[in-house]
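Asker: Here's a structure for you.
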Amino acid sequence: MSSTFGRVFTLTTYGESHGPGIGGVVDGCPAGLPLDEALIQRELDRRRPGARPETGNMGSARRESDTVHLLSGVFGGITTGTPIAFSIANEDKRSADYGPLADLWRPGHADMTYDAKYGVRDYRGGGRSSGRETAARVAGGAIAQALLALHGIRIRAFATEVGGLAAEWTESELDDAETRPYSAASASVIPSWDELAAVTRARGDTLGGVVTVEALGVPAGLGEPVFHKLDAVLAQALMSVGAVKGVEVGEGFGAARLLGSQNNDRMRPASADNGFKPQWESNHAGGILGGISTGAPIVLRAAVKPIPSVALPQRMVTRRGESLDMSIGGRHDICAIPRVVPVLKAMTALVLADMLLWQCRMDAVNLHAWEGRRPSCEGH
C-alpha cells in the first residue's frame, strides 16, 4: 500500500480508524524550523470529530481530542533535520457498532475493493479507508505550512457549496472563513446550510459540497514542465482524499465554455512600480501555466461526495453474493465539508513545500537562475 507522499518533503501515514491510534512521519523537513505540538494542534482541532461550532449541524457524535504527540525530529522547539514522527491516539472507539458489517459490502464504501485487492480488511469504521486517516495528513500539512510561511506563502480554504446551495462572497470575507461554521466563504449562507443540514439529518441522508483552496504568495517557477506538473500533482494530492471526486484548477471546466481570447490571462508590462515581476490582469489559469506557477494565486476547487454511511435502508451484498436491505449504524457526519477543509489545505501545503524544496535543490546547481527571482533557499 502506498502510504508515502512527496519526493523531497515527504509524509508517510499509518493507522486505522479503530486501531490504537494513527500517526505519521515527515522526512526532508529542513533543520531550524520553529515547531511545537501547539502549532500542529491548531490545525488538528479544526478537523477533529465531534459536534462543534465549526462543523455547524453536520458533526459526528464521535468524540476525539486528536491530541498530537511529537516523537522525534524536534529539539528545543526547532526541527533538527531528522524525521519528524508524531502519533494521535484513538480514544472514542465503538467497534461493536461495525460487527454486523464484517461480511457486508456497503454501497459507496471501499469494502469490496479492499477485499478484491487484499483479500482481508479491517471493517471497523472502514479501517485504513476511513476519513480518520486524514488527521495524520493535517498534522503533516501543519509542518509544511510552517515551512511555507517562512517564504511568505500562505494557504486558505473555505466551503463554497453544500448540498447544491452555493455561497456568494466578497474577497474581504475569505480570511475569516476558518472561524465560521462549515468554514463558509460567507456568513450569509450559514442559516441556509443549517436548515438544509437539519432537514437532511431528519431524513437519515447525507450531503456533499465544494471546497475552494487558494495558495497566496507562491513565487513564479515552482513545478515541472512535463510529468510532474504543479497542477497535476495538486490534483493528485486532493484526489487522494477519499471523499473528493473531482478537482478544478483556475477556471476549470468553465474554461471549456470560453473563447481563447476570454480565457487567456494578459500580463501588464513590467515596471519599477511592480518590482519588475509578472502582473496579471486575470487568473483563469489558476496560477499555473505549463505545469509551473505564474506568481498569481493558485486556485483549486474540490468536489466532495456525500458521506456514504446513511441511516436509510440500502441494498447491500455479502461476500457470498447474498442480497439484503439494511441501514448502517455507527456515528457519522452527514457532510464531510466542515472537516475536509483543513485536510485539503494540508494536502496543498504538502505539495507546495515539496515543490519549493525541489526548486531550491535545482537552483543550487542551476547556473542560469536569476538573482532575486527565486525564493530564498538559504539553509534549506
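Residues in the C-alpha cells are named by chain (A, B, ... in the order shown) and by number from 1 within that chain; ligands are numbered from 1 in the order shown.
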Residues of stretch 279-353 of chain A within 9 Å of stretch 159-173 of chain A: nearest atom pair and distance (Å, one decimal) for each, counting only C-alpha atoms, sorted by chain and number, as JSON lines?
Answerer:
{"residue": "A:Pro306", "atom": "CA", "partner": "A:Gly163", "partner_atom": "CA", "distance": 8.5}
{"residue": "A:Cys335", "atom": "CA", "partner": "A:Val162", "partner_atom": "CA", "distance": 8.3}
{"residue": "A:Ile337", "atom": "CA", "partner": "A:Ala159", "partner_atom": "CA", "distance": 6.8}
{"residue": "A:Pro338", "atom": "CA", "partner": "A:Ala159", "partner_atom": "CA", "distance": 7.5}
{"residue": "A:Val341", "atom": "CA", "partner": "A:Ala159", "partner_atom": "CA", "distance": 7.1}
Asker: Could you name the residues that touch stretch 99-112 of chain A at 6 Å or less, counting only C-alpha atoms, but leaving out those on the same chain fewer than 5 positions away, as a ChimeraX atom specification?
Answerer: /A:123,308,316-319
Asker: Let's have the selection written as a short mmCIF file (atom, residue, chain, number, x, y, z; two decimals), in the first residue's frame, with N, CA and C atoms.
Answerer:
data_model
loop_
_atom_site.label_atom_id
_atom_site.label_comp_id
_atom_site.auth_asym_id
_atom_site.auth_seq_id
_atom_site.Cartn_x
_atom_site.Cartn_y
_atom_site.Cartn_z
N TYR A 123 -12.82 -4.02 8.95
CA TYR A 123 -14.15 -3.48 8.69
C TYR A 123 -14.61 -2.45 9.71
N PRO A 308 -21.09 8.27 2.46
CA PRO A 308 -21.83 7.09 2.02
C PRO A 308 -22.59 6.37 3.13
N MET A 316 -27.63 -4.10 0.01
CA MET A 316 -26.22 -4.47 0.20
C MET A 316 -26.01 -5.91 -0.25
N VAL A 317 -24.74 -6.26 -0.45
CA VAL A 317 -24.37 -7.60 -0.88
C VAL A 317 -23.32 -8.13 0.09
N THR A 318 -23.42 -9.40 0.44
CA THR A 318 -22.42 -10.02 1.29
C THR A 318 -21.27 -10.55 0.46
N ARG A 319 -20.21 -10.97 1.13
CA ARG A 319 -19.08 -11.57 0.42
C ARG A 319 -19.49 -12.80 -0.36
#
Asker: When DSSP works through the backbone of this structure, what residues of stretch 161-291 of chain A end up as strand (DSSP E or B), shown as a list in words?
Answerer: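 So the strand (DSSP E or B) residues in stretch 161-291 of chain A would be Glu161, Val162, Leu165, Ala166, Ala184, Leu207, Gly209, Val210, Val211, Thr212, Val213, Glu214, Ala215, Leu216, Val244, Lys245, Gly246, Val247, Glu248, Val249, Met267, Arg268, Gln279, Trp280, Ile288 and Leu289 of chain A.
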Asker: Hey, what's within 10 Å of A:Gly242 if we count only C-alpha atoms and toss same-chain stuff fewer than 2 positions away? As a list in words, please?
Answerer: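 In the requested form, the answer reads His109, Ala110, Ser129, Ser130, Gly131, Glu133, Thr134, Leu238, Met239, Ser240, Val244, Lys245, Val304, Lys305 and Val340 of chain A.
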Asker: Residues as selected, C-alpha atoms, written as a PDB file, in the first residue's frame, can you do that?
Answerer:
ATOM      1  CA  HIS A 109     -17.565   2.399   0.593  1.00  0.00           C
ATOM      2  CA  ALA A 110     -14.268   0.677  -0.190  1.00  0.00           C
ATOM      3  CA  SER A 129     -10.024   3.813   4.126  1.00  0.00           C
ATOM      4  CA  SER A 130     -11.724   5.809   6.895  1.00  0.00           C
ATOM      5  CA  GLY A 131     -11.635   9.586   6.910  1.00  0.00           C
ATOM      6  CA  GLU A 133      -6.647   8.643   8.414  1.00  0.00           C
ATOM      7  CA  THR A 134      -6.735  12.273   7.274  1.00  0.00           C
ATOM      8  CA  LEU A 238      -6.601  16.478  -3.477  1.00  0.00           C
ATOM      9  CA  MET A 239      -7.970  13.393  -5.237  1.00  0.00           C
ATOM     10  CA  SER A 240      -6.083  11.190  -2.773  1.00  0.00           C
ATOM     11  CA  VAL A 244     -13.010  14.010  -3.288  1.00  0.00           C
ATOM     12  CA  LYS A 245     -14.383  13.030  -6.703  1.00  0.00           C
ATOM     13  CA  VAL A 304     -16.713  16.348  -2.215  1.00  0.00           C
ATOM     14  CA  LYS A 305     -19.177  13.457  -2.406  1.00  0.00           C
ATOM     15  CA  VAL A 340     -12.369  18.123   4.931  1.00  0.00           C
TER      16      VAL A 340
END
Asker: For atom CA of A:Ile334 and atom CA of A:Arg201, determine how far apart the two atoms are, in Å to one decimal place.
Answerer: 6.7 Å
Asker: Would you mind writing down, as number ranges by chain, each residue of stretch 248-285 of chain A that DSSP on the backbone assigns to helix (DSSP H, G or I)?
Answerer: A: 252-257, 260-263, 272-274
Asker: Those residues with C-alpha atoms, as a compact mmCIF listing (two decimals), in the first residue's frame please?
Answerer:
# COMPACT_ATOMS: atom_id res chain seq x y z
CA GLY A 252 -11.57 24.54 -14.55
CA PHE A 253 -14.49 23.12 -16.53
CA GLY A 254 -15.66 26.66 -17.13
CA ALA A 255 -12.72 27.14 -19.50
CA ALA A 256 -14.37 24.69 -21.90
CA ARG A 257 -17.17 27.20 -22.43
CA GLY A 260 -9.45 31.54 -26.18
CA SER A 261 -9.45 35.32 -26.13
CA GLN A 262 -11.59 35.21 -22.98
CA ASN A 263 -9.62 32.51 -21.18
CA ALA A 272 9.70 49.63 -11.32
CA ASP A 273 6.27 50.13 -9.78
CA ASN A 274 5.60 46.39 -9.69
Asker: Have a look at atom CA of A:His228 and atom CA of A:Thr294 and let me know their distance in Å, one decimal.
Answerer: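 Computing it gives 15.8 Å between the two atoms.
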Asker: Which of these residues is nearest to A:Asp122, using only C-alpha atoms: A:Asp176, A:Glu16, A:Glu214, A:Asp354?
Answerer: A:Glu16
Asker: Residues at most 10 Å from A:Leu70, counting only C-alpha atoms, excluding those fewer than 5 positions away in the same chain, as a list in words?
Answerer: Gly23, Gly24, Val25, Leu35, Asp36, Glu37, Ile40, Ile84, Ala85, Phe86, Ser87 and Ile88 of chain A
Asker: Could you turn the residues from that selection into a file that holds N, CA and C atoms, as a PDB file, in the first residue's frame?
Answerer:
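Now in part06.pdb:
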ATOM      1  N   GLY A  23      -0.969   8.096  12.916  1.00  0.00           N
ATOM      2  CA  GLY A  23       0.172   8.996  13.009  1.00  0.00           C
ATOM      3  C   GLY A  23       0.923   9.053  11.707  1.00  0.00           C
ATOM      4  N   GLY A  24       2.134   9.583  11.777  1.00  0.00           N
ATOM      5  CA  GLY A  24       2.907   9.723  10.558  1.00  0.00           C
ATOM      6  C   GLY A  24       4.343  10.122  10.811  1.00  0.00           C
ATOM      7  N   VAL A  25       5.093  10.198   9.717  1.00  0.00           N
ATOM      8  CA  VAL A  25       6.486  10.626   9.747  1.00  0.00           C
ATOM      9  C   VAL A  25       6.703  11.608   8.608  1.00  0.00           C
ATOM     10  N   LEU A  35       8.950  24.788  15.605  1.00  0.00           N
ATOM     11  CA  LEU A  35       7.836  23.836  15.555  1.00  0.00           C
ATOM     12  C   LEU A  35       7.562  23.276  16.937  1.00  0.00           C
ATOM     13  N   ASP A  36       6.290  23.232  17.303  1.00  0.00           N
ATOM     14  CA  ASP A  36       5.904  22.575  18.542  1.00  0.00           C
ATOM     15  C   ASP A  36       4.534  21.929  18.355  1.00  0.00           C
ATOM     16  N   GLU A  37       4.090  21.190  19.372  1.00  0.00           N
ATOM     17  CA  GLU A  37       2.825  20.481  19.268  1.00  0.00           C
ATOM     18  C   GLU A  37       1.639  21.433  19.162  1.00  0.00           C
ATOM     19  N   ILE A  40       0.810  22.374  15.554  1.00  0.00           N
ATOM     20  CA  ILE A  40       0.131  21.292  14.838  1.00  0.00           C
ATOM     21  C   ILE A  40      -1.287  21.115  15.361  1.00  0.00           C
ATOM     22  N   ILE A  84      10.529  13.653  11.441  1.00  0.00           N
ATOM     23  CA  ILE A  84       9.609  14.143  12.477  1.00  0.00           C
ATOM     24  C   ILE A  84       8.468  13.141  12.595  1.00  0.00           C
ATOM     25  N   ALA A  85       8.460  12.363  13.670  1.00  0.00           N
ATOM     26  CA  ALA A  85       7.412  11.373  13.892  1.00  0.00           C
ATOM     27  C   ALA A  85       6.396  11.920  14.884  1.00  0.00           C
ATOM     28  N   PHE A  86       5.129  11.591  14.670  1.00  0.00           N
ATOM     29  CA  PHE A  86       4.066  12.035  15.576  1.00  0.00           C
ATOM     30  C   PHE A  86       2.996  10.958  15.685  1.00  0.00           C
ATOM     31  N   SER A  87       2.273  10.975  16.783  1.00  0.00           N
ATOM     32  CA  SER A  87       1.205   9.994  16.997  1.00  0.00           C
ATOM     33  C   SER A  87      -0.039  10.679  17.530  1.00  0.00           C
ATOM     34  N   ILE A  88      -1.204  10.089  17.223  1.00  0.00           N
ATOM     35  CA  ILE A  88      -2.511  10.575  17.679  1.00  0.00           C
ATOM     36  C   ILE A  88      -3.308   9.348  18.110  1.00  0.00           C
TER      37      ILE A  88
END
Asker: So how many Å separate atom CA of A:Trp358 and atom CA of A:Gly6, to one decimal?
Answerer: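 Going from atom CA of A:Trp358 over to atom CA of A:Gly6 covers 10.2 Å.
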Asker: So which residues touch A:Ala285 within 12 Å, counting only C-alpha atoms, skipping near sequence neighbours fewer than 3 positions away, as a PyMOL selection string?
Answerer: chain A and resi 231+248-255+260+262-266+280-282+288-300
